[in-house]
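The file final-v2.pdb comes next; it holds PDB, C-alpha atoms, pLDDT in the B column.
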ATOM      1  CA  MET A   1     -23.801  29.887  33.806  1.00 51.00           C
ATOM      2  CA  LEU A   2     -20.788  29.763  36.117  1.00 51.00           C
ATOM      3  CA  SER A   3     -21.312  28.514  39.626  1.00 51.00           C
ATOM      4  CA  THR A   4     -19.808  30.488  42.500  1.00 53.00           C
ATOM      5  CA  LYS A   5     -19.539  27.306  44.589  1.00 56.00           C
ATOM      6  CA  ASN A   6     -17.101  25.598  42.169  1.00 51.00           C
ATOM      7  CA  PRO A   7     -15.245  28.259  40.169  1.00 54.00           C
ATOM      8  CA  PRO A   8     -13.436  26.971  37.091  1.00 53.00           C
ATOM      9  CA  ASN A   9      -9.793  26.130  37.578  1.00 52.00           C
ATOM     10  CA  LEU A  10      -8.340  28.910  35.444  1.00 48.00           C
ATOM     11  CA  SER A  11      -4.745  28.005  36.135  1.00 55.00           C
ATOM     12  CA  ALA A  12      -5.264  24.481  34.716  1.00 52.00           C
ATOM     13  CA  PHE A  13      -7.024  25.945  31.682  1.00 50.00           C
ATOM     14  CA  ALA A  14      -4.209  28.456  31.138  1.00 51.00           C
ATOM     15  CA  THR A  15      -1.644  25.638  31.377  1.00 55.00           C
ATOM     16  CA  VAL A  16      -3.462  23.580  28.745  1.00 51.00           C
ATOM     17  CA  VAL A  17      -3.695  26.572  26.393  1.00 50.00           C
ATOM     18  CA  ALA A  18      -0.015  27.414  26.907  1.00 52.00           C
ATOM     19  CA  LEU A  19       1.031  23.816  26.189  1.00 53.00           C
ATOM     20  CA  ALA A  20      -1.111  23.674  23.053  1.00 55.00           C
ATOM     21  CA  LEU A  21       0.353  26.923  21.748  1.00 53.00           C
ATOM     22  CA  GLY A  22       3.865  25.748  22.605  1.00 53.00           C
ATOM     23  CA  PHE A  23       3.419  22.480  20.725  1.00 52.00           C
ATOM     24  CA  ALA A  24       1.942  24.305  17.746  1.00 52.00           C
ATOM     25  CA  ALA A  25       4.945  26.642  17.623  1.00 49.00           C
ATOM     26  CA  ILE A  26       7.419  23.768  17.884  1.00 47.00           C
ATOM     27  CA  SER A  27       5.705  21.674  15.209  1.00 46.00           C
ATOM     28  CA  SER A  28       5.464  24.568  12.751  1.00 45.00           C
ATOM     29  CA  ALA A  29       9.106  25.541  13.208  1.00 43.00           C
ATOM     30  CA  ALA A  30      10.530  22.022  12.931  1.00 47.00           C
ATOM     31  CA  GLU A  31      11.573  20.423   9.668  1.00 49.00           C
ATOM     32  CA  PRO A  32       8.950  18.018   8.277  1.00 50.00           C
ATOM     33  CA  TRP A  33      11.475  15.157   8.357  1.00 51.00           C
ATOM     34  CA  LEU A  34      14.038  13.483  10.563  1.00 57.00           C
ATOM     35  CA  GLU A  35      17.509  12.683   9.384  1.00 62.00           C
ATOM     36  CA  TYR A  36      19.781  10.080  10.920  1.00 62.00           C
ATOM     37  CA  LYS A  37      23.234   9.915   9.377  1.00 68.00           C
ATOM     38  CA  GLY A  38      24.891   6.498   9.432  1.00 69.00           C
ATOM     39  CA  LYS A  39      28.472   7.050  10.489  1.00 72.00           C
ATOM     40  CA  LYS A  40      29.757   3.478  10.335  1.00 76.00           C
ATOM     41  CA  GLY A  41      28.486  -0.058   9.921  1.00 75.00           C
ATOM     42  CA  PRO A  42      25.584  -1.131   7.677  1.00 73.00           C
ATOM     43  CA  GLY A  43      23.926   2.313   7.846  1.00 71.00           C
ATOM     44  CA  ARG A  44      26.881   4.171   6.375  1.00 71.00           C
ATOM     45  CA  GLY A  45      25.980   5.932   3.154  1.00 68.00           C
ATOM     46  CA  LYS A  46      22.389   4.613   3.175  1.00 66.00           C
ATOM     47  CA  HIS A  47      19.369   6.757   2.452  1.00 61.00           C
ATOM     48  CA  ILE A  48      16.129   5.491   3.968  1.00 64.00           C
ATOM     49  CA  VAL A  49      12.816   7.110   3.143  1.00 60.00           C
ATOM     50  CA  LEU A  50       9.808   6.641   5.384  1.00 62.00           C
ATOM     51  CA  VAL A  51       6.592   8.106   4.081  1.00 57.00           C
ATOM     52  CA  SER A  52       3.624   8.479   6.372  1.00 58.00           C
ATOM     53  CA  GLY A  53       0.348  10.096   5.569  1.00 51.00           C
ATOM     54  CA  ASP A  54      -3.125  10.747   6.773  1.00 52.00           C
ATOM     55  CA  GLU A  55      -5.150   8.154   4.877  1.00 52.00           C
ATOM     56  CA  GLU A  56      -8.316  10.128   5.537  1.00 50.00           C
ATOM     57  CA  TYR A  57      -7.140  12.687   2.992  1.00 46.00           C
ATOM     58  CA  ARG A  58      -5.610  10.079   0.660  1.00 51.00           C
ATOM     59  CA  SER A  59      -2.161  11.629   1.183  1.00 63.00           C
ATOM     60  CA  GLU A  60      -1.927  12.911  -2.377  1.00 69.00           C
ATOM     61  CA  GLU A  61       1.045  14.988  -1.250  1.00 77.00           C
ATOM     62  CA  ALA A  62       3.004  11.724  -0.926  1.00 81.00           C
ATOM     63  CA  LEU A  63       2.447  10.668  -4.547  1.00 86.00           C
ATOM     64  CA  PRO A  64       5.636  12.251  -5.961  1.00 88.00           C
ATOM     65  CA  MET A  65       7.766  10.565  -3.286  1.00 88.00           C
ATOM     66  CA  LEU A  66       6.039   7.229  -3.796  1.00 91.00           C
ATOM     67  CA  GLU A  67       6.451   7.545  -7.559  1.00 92.00           C
ATOM     68  CA  LYS A  68      10.161   8.106  -7.044  1.00 92.00           C
ATOM     69  CA  SER A  69      10.306   5.051  -4.762  1.00 91.00           C
ATOM     70  CA  LEU A  70       8.731   2.931  -7.512  1.00 93.00           C
ATOM     71  CA  ARG A  71      11.905   3.531  -9.547  1.00 93.00           C
ATOM     72  CA  ASP A  72      14.267   2.681  -6.687  1.00 92.00           C
ATOM     73  CA  ARG A  73      16.826  -0.073  -7.320  1.00 92.00           C
ATOM     74  CA  ASN A  74      15.853  -1.722  -4.045  1.00 91.00           C
ATOM     75  CA  GLY A  75      12.943  -4.139  -4.414  1.00 92.00           C
ATOM     76  CA  ARG A  76      11.842  -3.620  -0.808  1.00 91.00           C
ATOM     77  CA  ALA A  77      11.512   0.117  -1.399  1.00 92.00           C
ATOM     78  CA  ARG A  78       9.431  -0.542  -4.520  1.00 93.00           C
ATOM     79  CA  ALA A  79       7.250  -3.085  -2.684  1.00 93.00           C
ATOM     80  CA  SER A  80       6.656  -0.625   0.172  1.00 92.00           C
ATOM     81  CA  ALA A  81       5.673   2.108  -2.276  1.00 93.00           C
ATOM     82  CA  VAL A  82       3.315  -0.305  -4.043  1.00 94.00           C
ATOM     83  CA  ALA A  83       1.664  -1.248  -0.732  1.00 93.00           C
ATOM     84  CA  SER A  84       1.229   2.422   0.225  1.00 92.00           C
ATOM     85  CA  LEU A  85      -0.321   3.258  -3.143  1.00 93.00           C
ATOM     86  CA  GLY A  86      -2.710   0.326  -2.784  1.00 93.00           C
ATOM     87  CA  LYS A  87      -3.891   1.593   0.599  1.00 90.00           C
ATOM     88  CA  MET A  88      -4.132   5.144  -0.698  1.00 89.00           C
ATOM     89  CA  GLY A  89      -6.273   4.269  -3.713  1.00 88.00           C
ATOM     90  CA  GLY A  90      -7.582   6.790  -6.187  1.00 87.00           C
ATOM     91  CA  GLU A  91      -7.008   7.266  -9.902  1.00 90.00           C
ATOM     92  CA  LYS A  92      -3.462   8.645  -9.596  1.00 91.00           C
ATOM     93  CA  ALA A  93      -2.343   5.774  -7.373  1.00 91.00           C
ATOM     94  CA  LEU A  94      -3.967   3.265  -9.724  1.00 92.00           C
ATOM     95  CA  ARG A  95      -2.180   4.801 -12.717  1.00 93.00           C
ATOM     96  CA  LEU A  96       1.162   4.460 -10.942  1.00 94.00           C
ATOM     97  CA  LEU A  97       0.401   0.875  -9.948  1.00 94.00           C
ATOM     98  CA  LEU A  98      -0.617  -0.084 -13.472  1.00 92.00           C
ATOM     99  CA  GLY A  99       2.740   1.263 -14.621  1.00 92.00           C
ATOM    100  CA  MET A 100       4.396  -1.442 -12.497  1.00 92.00           C
ATOM    101  CA  THR A 101       2.796  -4.428 -14.219  1.00 89.00           C
ATOM    102  CA  LYS A 102       6.042  -5.339 -16.035  1.00 90.00           C
ATOM    103  CA  GLU A 103       7.919  -5.638 -12.722  1.00 92.00           C
ATOM    104  CA  LYS A 104      10.334  -8.587 -12.481  1.00 91.00           C
ATOM    105  CA  ASP A 105      10.940  -8.689  -8.705  1.00 93.00           C
ATOM    106  CA  ARG A 106       8.777 -11.459  -7.198  1.00 91.00           C
ATOM    107  CA  ASN A 107       8.086  -9.627  -3.917  1.00 93.00           C
ATOM    108  CA  VAL A 108       7.039  -6.471  -5.713  1.00 94.00           C
ATOM    109  CA  ARG A 109       4.752  -8.512  -7.992  1.00 93.00           C
ATOM    110  CA  LEU A 110       3.168 -10.209  -4.998  1.00 93.00           C
ATOM    111  CA  GLU A 111       2.508  -6.866  -3.328  1.00 95.00           C
ATOM    112  CA  LEU A 112       1.311  -5.358  -6.598  1.00 94.00           C
ATOM    113  CA  MET A 113      -1.554  -7.818  -6.969  1.00 92.00           C
ATOM    114  CA  SER A 114      -3.211  -7.003  -3.670  1.00 93.00           C
ATOM    115  CA  ALA A 115      -2.461  -3.282  -4.118  1.00 95.00           C
ATOM    116  CA  LEU A 116      -4.114  -3.248  -7.542  1.00 93.00           C
ATOM    117  CA  ALA A 117      -7.152  -5.105  -6.220  1.00 93.00           C
ATOM    118  CA  ARG A 118      -7.493  -2.580  -3.351  1.00 92.00           C
ATOM    119  CA  ALA A 119      -6.907   0.514  -5.458  1.00 92.00           C
ATOM    120  CA  GLY A 120      -8.496  -0.487  -8.733  1.00 89.00           C
ATOM    121  CA  GLY A 121     -11.148  -3.084  -8.092  1.00 88.00           C
ATOM    122  CA  GLU A 122     -12.498  -4.362 -11.411  1.00 89.00           C
ATOM    123  CA  LYS A 123     -10.058  -2.131 -13.321  1.00 91.00           C
ATOM    124  CA  ALA A 124      -7.299  -4.457 -12.079  1.00 91.00           C
ATOM    125  CA  LEU A 125      -8.957  -7.600 -13.495  1.00 91.00           C
ATOM    126  CA  PRO A 126      -6.962  -7.801 -16.770  1.00 92.00           C
ATOM    127  CA  TYR A 127      -3.646  -7.707 -14.930  1.00 92.00           C
ATOM    128  CA  LEU A 128      -4.759 -10.141 -12.228  1.00 93.00           C
ATOM    129  CA  GLU A 129      -6.152 -12.550 -14.829  1.00 92.00           C
ATOM    130  CA  ARG A 130      -2.870 -12.447 -16.738  1.00 91.00           C
ATOM    131  CA  GLU A 131      -0.905 -13.229 -13.577  1.00 91.00           C
ATOM    132  CA  MET A 132      -3.352 -15.975 -12.654  1.00 89.00           C
ATOM    133  CA  ALA A 133      -2.745 -17.652 -16.021  1.00 87.00           C
ATOM    134  CA  ASP A 134       1.071 -17.298 -15.949  1.00 86.00           C
ATOM    135  CA  LYS A 135       2.346 -20.876 -16.417  1.00 82.00           C
ATOM    136  CA  THR A 136       5.994 -19.745 -16.039  1.00 86.00           C
ATOM    137  CA  ASP A 137       5.423 -19.333 -12.285  1.00 83.00           C
ATOM    138  CA  LYS A 138       6.962 -22.656 -11.213  1.00 86.00           C
ATOM    139  CA  SER A 139       6.184 -22.258  -7.493  1.00 88.00           C
ATOM    140  CA  GLY A 140       2.601 -21.171  -8.127  1.00 89.00           C
ATOM    141  CA  GLN A 141       3.004 -18.413  -5.544  1.00 92.00           C
ATOM    142  CA  ILE A 142       2.319 -15.586  -7.994  1.00 91.00           C
ATOM    143  CA  ARG A 143      -0.727 -17.354  -9.437  1.00 92.00           C
ATOM    144  CA  ARG A 144      -2.174 -18.033  -5.979  1.00 93.00           C
ATOM    145  CA  ALA A 145      -1.584 -14.413  -4.947  1.00 93.00           C
ATOM    146  CA  ALA A 146      -3.454 -13.253  -8.062  1.00 93.00           C
ATOM    147  CA  VAL A 147      -6.355 -15.544  -7.190  1.00 93.00           C
ATOM    148  CA  ALA A 148      -6.405 -14.285  -3.593  1.00 93.00           C
ATOM    149  CA  ALA A 149      -6.361 -10.666  -4.791  1.00 93.00           C
ATOM    150  CA  LEU A 150      -9.247 -11.399  -7.152  1.00 91.00           C
ATOM    151  CA  GLY A 151     -11.187 -12.722  -4.168  1.00 90.00           C
ATOM    152  CA  THR A 152     -11.207  -9.207  -2.710  1.00 91.00           C
ATOM    153  CA  VAL A 153     -12.845  -7.745  -5.824  1.00 89.00           C
ATOM    154  CA  LYS A 154     -16.605  -8.171  -5.903  1.00 86.00           C
ATOM    155  CA  GLY A 155     -18.547  -8.635  -9.123  1.00 87.00           C
ATOM    156  CA  GLU A 156     -19.676 -10.981 -11.873  1.00 89.00           C
ATOM    157  CA  LYS A 157     -16.505 -10.523 -13.927  1.00 90.00           C
ATOM    158  CA  THR A 158     -14.439 -11.577 -10.924  1.00 89.00           C
ATOM    159  CA  VAL A 159     -16.535 -14.690 -10.394  1.00 91.00           C
ATOM    160  CA  ALA A 160     -16.197 -15.620 -14.080  1.00 91.00           C
ATOM    161  CA  ALA A 161     -12.412 -15.181 -13.938  1.00 90.00           C
ATOM    162  CA  LEU A 162     -12.132 -17.328 -10.821  1.00 91.00           C
ATOM    163  CA  GLU A 163     -14.382 -20.058 -12.228  1.00 92.00           C
ATOM    164  CA  LYS A 164     -11.906 -20.507 -15.093  1.00 91.00           C
ATOM    165  CA  VAL A 165      -9.260 -21.566 -12.573  1.00 90.00           C
ATOM    166  CA  LEU A 166     -11.373 -24.393 -11.165  1.00 92.00           C
ATOM    167  CA  GLY A 167     -10.221 -26.625 -14.040  1.00 91.00           C
ATOM    168  CA  ASP A 168      -6.495 -25.910 -13.540  1.00 91.00           C
ATOM    169  CA  LYS A 169      -4.054 -28.792 -12.932  1.00 91.00           C
ATOM    170  CA  ASP A 170      -2.648 -27.105  -9.802  1.00 90.00           C
ATOM    171  CA  LYS A 171      -4.665 -28.379  -6.840  1.00 92.00           C
ATOM    172  CA  ASN A 172      -3.522 -25.512  -4.571  1.00 91.00           C
ATOM    173  CA  LEU A 173      -4.612 -22.964  -7.163  1.00 91.00           C
ATOM    174  CA  ARG A 174      -8.037 -24.616  -7.423  1.00 91.00           C
ATOM    175  CA  LEU A 175      -8.395 -24.518  -3.632  1.00 92.00           C
ATOM    176  CA  ALA A 176      -7.354 -20.849  -3.587  1.00 92.00           C
ATOM    177  CA  ALA A 177      -9.953 -20.147  -6.287  1.00 92.00           C
ATOM    178  CA  LEU A 178     -12.693 -21.838  -4.235  1.00 92.00           C
ATOM    179  CA  ALA A 179     -11.778 -19.722  -1.215  1.00 91.00           C
ATOM    180  CA  ALA A 180     -11.675 -16.569  -3.360  1.00 90.00           C
ATOM    181  CA  LEU A 181     -15.056 -17.395  -4.888  1.00 90.00           C
ATOM    182  CA  GLY A 182     -16.475 -17.549  -1.380  1.00 85.00           C
ATOM    183  CA  SER A 183     -15.096 -14.068  -0.710  1.00 78.00           C
ATOM    184  CA  ALA A 184     -16.075 -12.618  -4.091  1.00 69.00           C
ATOM    185  CA  GLY A 185     -19.629 -13.869  -3.918  1.00 64.00           C
ATOM    186  CA  GLY A 186     -19.456 -16.888  -6.260  1.00 54.00           C
TER     187      GLY A 186
END
Translate this file's structure into structure tokens.
Amino acid sequence: MLSTKNPPNLSAFATVVALALGFAAISSAAEPWLEYKGKKGPGRGKHIVLVSGDEEYRSEEALPMLEKSLRDRNGRARASAVASLGKMGGEKALRLLLGMTKEKDRNVRLELMSALARAGGEKALPYLEREMADKTDKSGQIRRAAVAALGTVKGEKTVAALEKVLGDKDKNLRLAALAALGSAGG
């Protein structure tokens, strides 16, 4: 019931409604993207794609753009798309990520391991185990990243895969496996 002592401030309410309607009209009329044209310098002729989505709804509308970015010549663009797909999760994202397992770019491979673990869980184990066993990785960075990614996947199969690494010659890999076992429940 409305009080006659303190009547509602109708002008403030009308202002709020008018602003809300104005913003709704502007946002529906505007293009869904921004475009900045590089006229000279390092931005000239460059095409930069920023994809943002509402993770609550898994942003499935972004999948075609992310899929296109996975084929980009630029490794940073591919790594960014991989990271986004890992956060997004779901079967479609996992399928796209699994299609990247032959990637050569080190940074993309590093991002791919954690993305697969996030998006695929135990479904990512075969790939992560293969990377963990890759003796061609001279720096050990890829192998350690695979171990760390496995540490985020819970389950008996994960523990068994990590226990295999405890006998490896690489001390840093063994230490990473111990830390991952602590995370994975081993």
> Which residues come within 12 Å of Lys164 of chain A, counting all atoms listed in the file, excluding same-chain residues fewer than 6 positions away, as a PyMOL selection string?
Replying inline: chain A and resi 129+132-133+147+157-158+173-174+177-178+181
> With all atoms listed in the file as the atoms that count, which of A:Leu110, A:Leu85, A:Leu175, A:Ala62 lies nearest to Ala149 of chain A?
Replying inline: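 Nearest to Ala149 of chain A: A:Leu110.
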> So how far away is atom CA of Ala160 of chain A from atom CA of Ser114 of chain A, in Å?
Replying inline: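 Between these atoms lies a distance of 18.7 Å.
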>> When the PyMOL selection byres ((chain A and resi 91) around 12) is applied to the structure above, which residues does it catch, written out as a PyMOL selection string?
In response: chain A and resi 58+60+63+85-86+88-90+92-98+116+118-121+123-124
>> As an exercise, work out the distance from atom CA of Glu156 of chain A to atom CA of Ala179 of chain A in Å and give it to one decimal place.
In response: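 So the two atoms, atom CA of Glu156 of chain A and atom CA of Ala179 of chain A, lie 15.9 Å apart.
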> With distances taken over all atoms listed in the file, which of A:Lys135, A:Lys40, A:Lys68, A:Arg109 is nearest to Ala83 of chain A?
Replying inline: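 For Ala83 of chain A, the nearest of the candidates is A:Arg109.
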>> Quick check, in Å to one decimal: how far apart do atom CA of Asn107 of chain A and atom CA of Arg76 of chain A lie?
In response: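 If I compute the distance from atom CA of Asn107 of chain A to atom CA of Arg76 of chain A, I get 7.7 Å.
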> So what does the PyMOL selection byres ((chain A and resi 142) around 8) actually pick up in this one, as a count of residues only?
Replying inline: 13
>> Here is a test: counting only C-alpha atoms, which residue of A:Gly151, A:Pro42, A:Gly167, A:Gly75 is nearest to Glu122 of chain A?
In response: A:Gly151
> Of the candidates A:Leu166, A:Ala148, A:Ala81, A:Ala115, which one gets nearest to Ser183 of chain A if we count all atoms listed in the file?
Replying inline: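 Checking each candidate against Ser183 of chain A, we get A:Ala148 as the closest.
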